[in-house]
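Okay, my_file_26.pdb now, which holds PDB, C-alpha atoms:
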ATOM      1  CA  ALA A   1      -6.381  38.968  11.083  1.00  0.00           C
ATOM      2  CA  PRO A   2      -8.488  35.869  10.495  1.00  0.00           C
ATOM      3  CA  GLU A   3      -6.674  32.756   9.352  1.00  0.00           C
ATOM      4  CA  PRO A   4      -7.045  31.886   5.659  1.00  0.00           C
ATOM      5  CA  PRO A   5      -9.431  29.042   4.923  1.00  0.00           C
ATOM      6  CA  ALA A   6      -7.942  25.568   4.542  1.00  0.00           C
ATOM      7  CA  ALA A   7      -7.173  24.601   0.966  1.00  0.00           C
ATOM      8  CA  VAL A   8      -9.747  22.302  -0.597  1.00  0.00           C
ATOM      9  CA  PRO A   9      -8.349  19.703  -3.012  1.00  0.00           C
ATOM     10  CA  PRO A  10      -9.739  20.144  -6.526  1.00  0.00           C
ATOM     11  CA  ALA A  11     -12.394  17.679  -7.585  1.00  0.00           C
ATOM     12  CA  SER A  12     -10.047  16.496 -10.334  1.00  0.00           C
ATOM     13  CA  ALA A  13      -7.699  15.141  -7.668  1.00  0.00           C
ATOM     14  CA  GLY A  14     -10.232  12.327  -7.282  1.00  0.00           C
ATOM     15  CA  PRO A  15     -10.359   9.603  -4.651  1.00  0.00           C
ATOM     16  CA  ALA A  16      -6.697  10.019  -3.694  1.00  0.00           C
ATOM     17  CA  ALA A  17      -7.503  13.419  -2.170  1.00  0.00           C
ATOM     18  CA  GLY A  18     -10.517  12.143  -0.256  1.00  0.00           C
ATOM     19  CA  PRO A  19     -11.123  11.698   3.463  1.00  0.00           C
ATOM     20  CA  LEU A  20     -11.103   7.889   3.671  1.00  0.00           C
ATOM     21  CA  LEU A  21      -7.291   7.872   3.502  1.00  0.00           C
ATOM     22  CA  ASP A  22      -6.801  11.368   4.899  1.00  0.00           C
ATOM     23  CA  GLY A  23      -5.846  13.061   1.643  1.00  0.00           C
ATOM     24  CA  LEU A  24      -3.108  10.650   0.574  1.00  0.00           C
ATOM     25  CA  ALA A  25      -2.509  12.711  -2.587  1.00  0.00           C
ATOM     26  CA  GLY A  26      -1.043  15.464  -0.422  1.00  0.00           C
ATOM     27  CA  TRP A  27       1.309  13.357   1.688  1.00  0.00           C
ATOM     28  CA  PRO A  28       4.887  14.660   1.401  1.00  0.00           C
ATOM     29  CA  PRO A  29       7.935  12.587   0.409  1.00  0.00           C
ATOM     30  CA  VAL A  30       9.965  10.858   3.118  1.00  0.00           C
ATOM     31  CA  ARG A  31      13.717  10.605   3.380  1.00  0.00           C
ATOM     32  CA  THR A  32      15.367   7.221   2.893  1.00  0.00           C
ATOM     33  CA  ALA A  33      18.980   6.111   2.652  1.00  0.00           C
ATOM     34  CA  ASP A  34      18.491   5.916  -1.127  1.00  0.00           C
ATOM     35  CA  GLY A  35      16.954   9.361  -1.533  1.00  0.00           C
ATOM     36  CA  PRO A  36      13.504  10.925  -1.170  1.00  0.00           C
ATOM     37  CA  PHE A  37      10.594   8.556  -1.627  1.00  0.00           C
ATOM     38  CA  ALA A  38       7.061   9.633  -2.565  1.00  0.00           C
ATOM     39  CA  LEU A  39       3.747   7.891  -3.106  1.00  0.00           C
ATOM     40  CA  VAL A  40       2.278   9.407  -6.276  1.00  0.00           C
ATOM     41  CA  PRO A  41      -1.334   8.464  -7.104  1.00  0.00           C
ATOM     42  CA  VAL A  42      -1.548   6.599 -10.404  1.00  0.00           C
ATOM     43  CA  ASP A  43      -2.386   8.527 -13.548  1.00  0.00           C
ATOM     44  CA  ARG A  44      -3.953   5.898 -15.795  1.00  0.00           C
ATOM     45  CA  ALA A  45      -2.883   7.491 -19.086  1.00  0.00           C
ATOM     46  CA  ALA A  46       0.700   8.159 -18.009  1.00  0.00           C
ATOM     47  CA  ASP A  47       1.359   5.053 -15.911  1.00  0.00           C
ATOM     48  CA  LEU A  48      -0.586   2.199 -17.493  1.00  0.00           C
ATOM     49  CA  ALA A  49       2.192   0.866 -19.741  1.00  0.00           C
ATOM     50  CA  ARG A  50       4.690   0.767 -16.875  1.00  0.00           C
ATOM     51  CA  ILE A  51       2.332  -0.965 -14.454  1.00  0.00           C
ATOM     52  CA  ALA A  52       1.156  -3.469 -17.075  1.00  0.00           C
ATOM     53  CA  ALA A  53       4.778  -4.361 -17.855  1.00  0.00           C
ATOM     54  CA  TRP A  54       5.445  -4.994 -14.169  1.00  0.00           C
ATOM     55  CA  MET A  55       2.338  -7.193 -13.924  1.00  0.00           C
ATOM     56  CA  ASN A  56       3.693  -9.328 -16.783  1.00  0.00           C
ATOM     57  CA  ASP A  57       6.962 -10.009 -14.981  1.00  0.00           C
ATOM     58  CA  PRO A  58       6.709 -13.750 -14.139  1.00  0.00           C
ATOM     59  CA  ALA A  59       7.878 -13.166 -10.554  1.00  0.00           C
ATOM     60  CA  VAL A  60       5.030 -10.677 -10.079  1.00  0.00           C
ATOM     61  CA  ALA A  61       2.387 -12.553 -12.065  1.00  0.00           C
ATOM     62  CA  ALA A  62       2.791 -15.608  -9.836  1.00  0.00           C
ATOM     63  CA  TYR A  63       1.189 -13.704  -6.950  1.00  0.00           C
ATOM     64  CA  TRP A  64      -0.714 -10.765  -8.451  1.00  0.00           C
ATOM     65  CA  GLU A  65      -2.260 -12.888 -11.244  1.00  0.00           C
ATOM     66  CA  LEU A  66      -2.702  -9.857 -13.515  1.00  0.00           C
ATOM     67  CA  ALA A  67      -0.537 -10.850 -16.471  1.00  0.00           C
ATOM     68  CA  GLY A  68      -1.949 -10.185 -19.915  1.00  0.00           C
ATOM     69  CA  PRO A  69      -2.726  -7.214 -22.157  1.00  0.00           C
ATOM     70  CA  PRO A  70      -3.055  -3.698 -20.694  1.00  0.00           C
ATOM     71  CA  GLU A  71      -6.824  -4.150 -20.480  1.00  0.00           C
ATOM     72  CA  VAL A  72      -6.255  -6.580 -17.600  1.00  0.00           C
ATOM     73  CA  THR A  73      -4.407  -3.890 -15.655  1.00  0.00           C
ATOM     74  CA  VAL A  74      -7.048  -1.302 -16.560  1.00  0.00           C
ATOM     75  CA  ALA A  75      -9.775  -3.579 -15.169  1.00  0.00           C
ATOM     76  CA  HIS A  76      -7.803  -3.849 -11.917  1.00  0.00           C
ATOM     77  CA  LEU A  77      -7.130  -0.117 -11.615  1.00  0.00           C
ATOM     78  CA  ARG A  78     -10.527   1.224 -12.690  1.00  0.00           C
ATOM     79  CA  PRO A  79     -12.507   0.488  -9.487  1.00  0.00           C
ATOM     80  CA  GLN A  80      -9.821   2.208  -7.415  1.00  0.00           C
ATOM     81  CA  LEU A  81      -9.446   5.225  -9.696  1.00  0.00           C
ATOM     82  CA  THR A  82     -13.203   5.798  -9.853  1.00  0.00           C
ATOM     83  CA  GLY A  83     -14.142   4.613  -6.371  1.00  0.00           C
ATOM     84  CA  ASP A  84     -14.720   6.393  -3.088  1.00  0.00           C
ATOM     85  CA  GLY A  85     -11.065   6.519  -2.052  1.00  0.00           C
ATOM     86  CA  ARG A  86     -10.967   3.478   0.206  1.00  0.00           C
ATOM     87  CA  SER A  87      -8.143   2.083  -1.977  1.00  0.00           C
ATOM     88  CA  VAL A  88      -5.614   4.268  -3.781  1.00  0.00           C
ATOM     89  CA  PRO A  89      -3.130   2.891  -6.345  1.00  0.00           C
ATOM     90  CA  CYS A  90       0.214   4.702  -6.333  1.00  0.00           C
ATOM     91  CA  LEU A  91       3.599   4.664  -7.962  1.00  0.00           C
ATOM     92  CA  GLY A  92       6.502   4.617  -5.556  1.00  0.00           C
ATOM     93  CA  VAL A  93       8.995   7.212  -6.809  1.00  0.00           C
ATOM     94  CA  LEU A  94      12.496   6.947  -5.346  1.00  0.00           C
ATOM     95  CA  ALA A  95      14.942   9.770  -6.055  1.00  0.00           C
ATOM     96  CA  GLY A  96      12.796  10.767  -9.027  1.00  0.00           C
ATOM     97  CA  VAL A  97      12.529   7.228 -10.472  1.00  0.00           C
ATOM     98  CA  PRO A  98       9.186   5.358 -10.571  1.00  0.00           C
ATOM     99  CA  MET A  99      10.252   1.961  -9.262  1.00  0.00           C
ATOM    100  CA  SER A 100       7.332   0.331  -7.445  1.00  0.00           C
ATOM    101  CA  TYR A 101       3.553  -0.002  -7.403  1.00  0.00           C
ATOM    102  CA  TRP A 102       1.563   0.336  -4.180  1.00  0.00           C
ATOM    103  CA  GLU A 103      -2.023   0.030  -3.095  1.00  0.00           C
ATOM    104  CA  ILE A 104      -2.860   1.837   0.125  1.00  0.00           C
ATOM    105  CA  TYR A 105      -6.300   0.793   1.331  1.00  0.00           C
ATOM    106  CA  ARG A 106      -8.710   0.884   4.232  1.00  0.00           C
ATOM    107  CA  ALA A 107      -8.443  -2.689   5.473  1.00  0.00           C
ATOM    108  CA  ASP A 108     -11.404  -2.169   7.791  1.00  0.00           C
ATOM    109  CA  LEU A 109     -13.600  -1.320   4.780  1.00  0.00           C
ATOM    110  CA  ASP A 110     -12.195  -4.137   2.618  1.00  0.00           C
ATOM    111  CA  PRO A 111     -13.423  -7.743   2.327  1.00  0.00           C
ATOM    112  CA  LEU A 112     -10.206  -8.590   4.216  1.00  0.00           C
ATOM    113  CA  ALA A 113     -11.943  -7.360   7.393  1.00  0.00           C
ATOM    114  CA  ARG A 114     -14.137 -10.474   7.345  1.00  0.00           C
ATOM    115  CA  HIS A 115     -11.068 -12.654   7.816  1.00  0.00           C
ATOM    116  CA  TYR A 116      -9.315 -11.082  10.806  1.00  0.00           C
ATOM    117  CA  PRO A 117     -10.313  -8.976  13.853  1.00  0.00           C
ATOM    118  CA  ALA A 118     -10.170  -5.619  12.093  1.00  0.00           C
ATOM    119  CA  ARG A 119     -10.059  -2.323  13.954  1.00  0.00           C
ATOM    120  CA  PRO A 120     -11.477   0.992  12.707  1.00  0.00           C
ATOM    121  CA  HIS A 121      -9.063   2.743  10.347  1.00  0.00           C
ATOM    122  CA  ASP A 122      -6.722  -0.237   9.888  1.00  0.00           C
ATOM    123  CA  THR A 123      -4.707   0.600   6.783  1.00  0.00           C
ATOM    124  CA  GLY A 124      -3.491  -2.075   4.376  1.00  0.00           C
ATOM    125  CA  LEU A 125      -0.522  -2.179   2.001  1.00  0.00           C
ATOM    126  CA  HIS A 126       0.147  -4.038  -1.237  1.00  0.00           C
ATOM    127  CA  LEU A 127       3.601  -3.657  -2.810  1.00  0.00           C
ATOM    128  CA  LEU A 128       5.170  -4.603  -6.138  1.00  0.00           C
ATOM    129  CA  LEU A 129       8.858  -3.819  -6.692  1.00  0.00           C
ATOM    130  CA  GLY A 130      10.182  -3.366 -10.207  1.00  0.00           C
ATOM    131  CA  ALA A 131      12.728  -6.044 -11.164  1.00  0.00           C
ATOM    132  CA  ASP A 132      15.690  -3.636 -11.136  1.00  0.00           C
ATOM    133  CA  HIS A 133      15.120  -2.860  -7.458  1.00  0.00           C
ATOM    134  CA  ARG A 134      14.789  -6.330  -5.943  1.00  0.00           C
ATOM    135  CA  GLY A 135      17.218  -8.390  -3.941  1.00  0.00           C
ATOM    136  CA  ARG A 136      19.040  -5.674  -1.995  1.00  0.00           C
ATOM    137  CA  GLY A 137      16.791  -5.028   0.982  1.00  0.00           C
ATOM    138  CA  LEU A 138      15.043  -2.054  -0.553  1.00  0.00           C
ATOM    139  CA  GLY A 139      11.591  -3.587  -0.111  1.00  0.00           C
ATOM    140  CA  SER A 140      11.841  -3.764   3.665  1.00  0.00           C
ATOM    141  CA  ALA A 141      13.250  -0.222   3.868  1.00  0.00           C
ATOM    142  CA  LEU A 142      10.363   1.149   1.815  1.00  0.00           C
ATOM    143  CA  LEU A 143       7.738  -0.882   3.677  1.00  0.00           C
ATOM    144  CA  GLY A 144       9.010   0.653   6.898  1.00  0.00           C
ATOM    145  CA  ALA A 145       9.020   4.141   5.391  1.00  0.00           C
ATOM    146  CA  VAL A 146       5.470   3.796   4.031  1.00  0.00           C
ATOM    147  CA  ALA A 147       4.162   2.370   7.316  1.00  0.00           C
ATOM    148  CA  ASP A 148       5.686   5.375   9.085  1.00  0.00           C
ATOM    149  CA  LEU A 149       4.096   7.675   6.493  1.00  0.00           C
ATOM    150  CA  VAL A 150       0.658   6.122   7.010  1.00  0.00           C
ATOM    151  CA  LEU A 151       0.870   6.393  10.792  1.00  0.00           C
ATOM    152  CA  ALA A 152       2.114   9.976  10.602  1.00  0.00           C
ATOM    153  CA  HIS A 153      -0.723  11.160   8.351  1.00  0.00           C
ATOM    154  CA  ARG A 154      -3.568   8.958   9.581  1.00  0.00           C
ATOM    155  CA  PRO A 155      -3.844   9.792  13.292  1.00  0.00           C
ATOM    156  CA  ARG A 156      -6.890   7.548  13.788  1.00  0.00           C
ATOM    157  CA  CYS A 157      -5.042   4.529  12.391  1.00  0.00           C
ATOM    158  CA  THR A 158      -3.495   2.361  15.123  1.00  0.00           C
ATOM    159  CA  ARG A 159      -1.876  -0.215  12.866  1.00  0.00           C
ATOM    160  CA  VAL A 160      -0.841  -1.021   9.318  1.00  0.00           C
ATOM    161  CA  VAL A 161      -1.595  -4.500   7.983  1.00  0.00           C
ATOM    162  CA  ALA A 162      -0.683  -6.658   5.007  1.00  0.00           C
ATOM    163  CA  GLU A 163      -1.595 -10.133   3.748  1.00  0.00           C
ATOM    164  CA  PRO A 164       1.164 -11.550   1.526  1.00  0.00           C
ATOM    165  CA  ASP A 165       0.769 -15.066   0.186  1.00  0.00           C
ATOM    166  CA  VAL A 166       2.377 -17.498   2.646  1.00  0.00           C
ATOM    167  CA  ARG A 167       4.338 -18.989  -0.273  1.00  0.00           C
ATOM    168  CA  ASN A 168       5.963 -15.623  -0.939  1.00  0.00           C
ATOM    169  CA  THR A 169       8.642 -16.024   1.700  1.00  0.00           C
ATOM    170  CA  PRO A 170      10.782 -13.069   0.503  1.00  0.00           C
ATOM    171  CA  SER A 171       7.757 -10.785   0.932  1.00  0.00           C
ATOM    172  CA  VAL A 172       6.963 -12.109   4.405  1.00  0.00           C
ATOM    173  CA  ALA A 173      10.623 -11.664   5.382  1.00  0.00           C
ATOM    174  CA  ALA A 174      10.607  -8.078   4.067  1.00  0.00           C
ATOM    175  CA  PHE A 175       7.577  -7.225   6.193  1.00  0.00           C
ATOM    176  CA  ARG A 176       9.260  -8.719   9.266  1.00  0.00           C
ATOM    177  CA  ALA A 177      12.417  -6.705   8.588  1.00  0.00           C
ATOM    178  CA  ALA A 178      10.237  -3.575   8.291  1.00  0.00           C
ATOM    179  CA  GLY A 179       8.911  -3.999  11.829  1.00  0.00           C
ATOM    180  CA  PHE A 180       5.741  -5.948  11.084  1.00  0.00           C
ATOM    181  CA  ARG A 181       4.841  -8.837  13.353  1.00  0.00           C
ATOM    182  CA  TYR A 182       3.335 -12.120  12.218  1.00  0.00           C
ATOM    183  CA  GLY A 183      -0.341 -12.345  13.159  1.00  0.00           C
ATOM    184  CA  GLY A 184      -1.018 -15.872  11.956  1.00  0.00           C
ATOM    185  CA  GLU A 185      -2.290 -17.395   8.723  1.00  0.00           C
ATOM    186  CA  ILE A 186      -5.655 -16.463   7.256  1.00  0.00           C
ATOM    187  CA  GLU A 187      -7.608 -18.124   4.463  1.00  0.00           C
ATOM    188  CA  LEU A 188      -8.576 -15.618   1.767  1.00  0.00           C
ATOM    189  CA  PRO A 189     -10.345 -16.166  -1.545  1.00  0.00           C
ATOM    190  CA  GLY A 190      -7.638 -17.506  -3.830  1.00  0.00           C
ATOM    191  CA  LYS A 191      -4.777 -17.685  -1.352  1.00  0.00           C
ATOM    192  CA  ARG A 192      -3.582 -18.549   2.120  1.00  0.00           C
ATOM    193  CA  ALA A 193      -2.033 -15.406   3.545  1.00  0.00           C
ATOM    194  CA  ALA A 194       0.276 -14.387   6.344  1.00  0.00           C
ATOM    195  CA  LEU A 195      -1.318 -11.573   8.331  1.00  0.00           C
ATOM    196  CA  MET A 196       1.431  -9.036   9.002  1.00  0.00           C
ATOM    197  CA  ILE A 197       0.817  -6.185  11.465  1.00  0.00           C
ATOM    198  CA  ARG A 198       2.771  -3.022  12.205  1.00  0.00           C
ATOM    199  CA  ASP A 199       1.461  -1.478  15.420  1.00  0.00           C
ATOM    200  CA  ARG A 200       1.641   2.216  16.193  1.00  0.00           C
ATOM    201  CA  GLU A 201       4.335   2.589  18.815  1.00  0.00           C
ATOM    202  CA  PRO A 202       2.980   3.845  22.143  1.00  0.00           C
ATOM    203  CA  LEU A 203       4.063   7.308  23.169  1.00  0.00           C
ATOM    204  CA  ASP A 204       6.906   7.483  25.654  1.00  0.00           C
ATOM    205  CA  PRO A 205       5.646   8.445  29.119  1.00  0.00           C
ATOM    206  CA  LEU A 206       6.556  11.945  30.236  1.00  0.00           C
TER     207      LEU A 206
END
Would you mind writing the structure in this file as structure tokens?
Amino acid sequence: APEPPAAVPPASAGPAAGPLLDGLAGWPPVRTADGPFALVPVDRAADLARIAAWMNDPAVAAYWELAGPPEVTVAHLRPQLTGDGRSVPCLGVLAGVPMSYWEIYRADLDPLARHYPARPHDTGLHLLLGADHRGRGLGSALLGAVADLVLAHRPRCTRVVAEPDVRNTPSVAAFRAAGFRYGGEIELPGKRAALMIRDREPLDPL
């Protein structure tokens, strides 16, 4: 009997189901020591209040610079939610609890690529942890889990990159603890960043 045709994501699934990030909307949860963790593409109506509250946390606002009324968050989310899928905003849901905000993006298609030697399909990460989940090593564990998830579901991607502000030493330390290496400092519009790189591990020889 012929094989059934592959499922086609509905148009309503939007950019998160698109090919630029290999159908991120369909990536399964991963196991962590704290329970299953899933990247769930942002639903503006359902998630705006939560994300806007996180952006107004002083510890977050110092680096994201998105404090203010919800309209500020909407203006940040809109290009991603209506774009071509090169950047997908997600909630990080741990054991059923939305506890972090992520942006998974094609670094090679981003302005970032003008500031470092980008490779095709480089995938970038931005992470914001909710206040109740900071200070106990969870950030590095989740960064490692998400990097593994990206590399598992994006076979053409050879590395995951990030560009935290060099002043944000806890963030840089979390990336290091997650297996990212320091690739030097780069000057970006509005900040001096530490280029952090997680390489795909080579396959063991047979």
Long-range neighbours of stretch 66-83 of chain A as a list of chain:residue names, 6 Å cut-off, all atoms listed in the file, 2 positions minimum in chain =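 Selected residues are A:Ala52, A:Met55, A:Asn56, A:Ala61, A:Trp64, A:Gly85, A:Ser87, A:Val88.
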Can you tell me how far atom CA of A:Val146 sits from atom CA of A:Val166, in Å to one decimal?
-> 21.6 Å
If you apply the PyMOL selection byres ((chain A and resi 102-107) around 7) to this file, what residues do you get, as a list of chain:residue names?
->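 That expression, the PyMOL selection byres ((chain A and resi 102-107) around 7), corresponds here to A:Arg86, A:Ser87, A:Val88, A:Pro89, A:Cys90, A:Leu91, A:Gly92, A:Ser100, A:Tyr101, A:Asp108, A:Leu109, A:Asp110, A:Leu112, A:Ala113, A:His121, A:Asp122, A:Thr123, A:Gly124, A:Leu125, A:His126, A:Leu127, A:Leu128.
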Output C-alpha atoms of each residue in that selection to a file, as a PDB file, in the coordinates of the input.
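In the end it all went to out-v2.pdb:
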ATOM      1  CA  ARG A  86     -10.967   3.478   0.206  1.00  0.00           C
ATOM      2  CA  SER A  87      -8.143   2.083  -1.977  1.00  0.00           C
ATOM      3  CA  VAL A  88      -5.614   4.268  -3.781  1.00  0.00           C
ATOM      4  CA  PRO A  89      -3.130   2.891  -6.345  1.00  0.00           C
ATOM      5  CA  CYS A  90       0.214   4.702  -6.333  1.00  0.00           C
ATOM      6  CA  LEU A  91       3.599   4.664  -7.962  1.00  0.00           C
ATOM      7  CA  GLY A  92       6.502   4.617  -5.556  1.00  0.00           C
ATOM      8  CA  SER A 100       7.332   0.331  -7.445  1.00  0.00           C
ATOM      9  CA  TYR A 101       3.553  -0.002  -7.403  1.00  0.00           C
ATOM     10  CA  ASP A 108     -11.404  -2.169   7.791  1.00  0.00           C
ATOM     11  CA  LEU A 109     -13.600  -1.320   4.780  1.00  0.00           C
ATOM     12  CA  ASP A 110     -12.195  -4.137   2.618  1.00  0.00           C
ATOM     13  CA  LEU A 112     -10.206  -8.590   4.216  1.00  0.00           C
ATOM     14  CA  ALA A 113     -11.943  -7.360   7.393  1.00  0.00           C
ATOM     15  CA  HIS A 121      -9.063   2.743  10.347  1.00  0.00           C
ATOM     16  CA  ASP A 122      -6.722  -0.237   9.888  1.00  0.00           C
ATOM     17  CA  THR A 123      -4.707   0.600   6.783  1.00  0.00           C
ATOM     18  CA  GLY A 124      -3.491  -2.075   4.376  1.00  0.00           C
ATOM     19  CA  LEU A 125      -0.522  -2.179   2.001  1.00  0.00           C
ATOM     20  CA  HIS A 126       0.147  -4.038  -1.237  1.00  0.00           C
ATOM     21  CA  LEU A 127       3.601  -3.657  -2.810  1.00  0.00           C
ATOM     22  CA  LEU A 128       5.170  -4.603  -6.138  1.00  0.00           C
TER      23      LEU A 128
END
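Atom CA of A:Ala62 sits 12.2 Å away from atom CA of A:Pro164.
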Test item: the PyMOL selection byres ((chain A and resi 16-18) around 9) resolved as an MDAnalysis selection string | chainID A and resid 9:11 13:15 19:26 41 81 84:89
Given the file shown, determine the residues that the PyMOL selection byres ((chain A and resi 198) around 10) selects; report them as a PyMOL selection string.
-> chain A and resi 123+144+147-148+151+158-162+175-176+178-183+196-197+199-201
Residue neighbourhood A:Ala33, 10 Å, all atoms listed in the file, exclusion window fewer than 6 positions, as a ChimeraX atom specification = /A:138,141-142
Work out how far apart atom CA of A:Arg167 and atom CA of A:Arg192 are and give it in Å to one decimal.
-> 8.3 Å
Do you know which residues are at most 7 Å from A:Ala95 counting only C-alpha atoms, after dropping those on the same chain fewer than 6 positions away, and could you put them as an NGL selection string?
-> :A and (35-37)
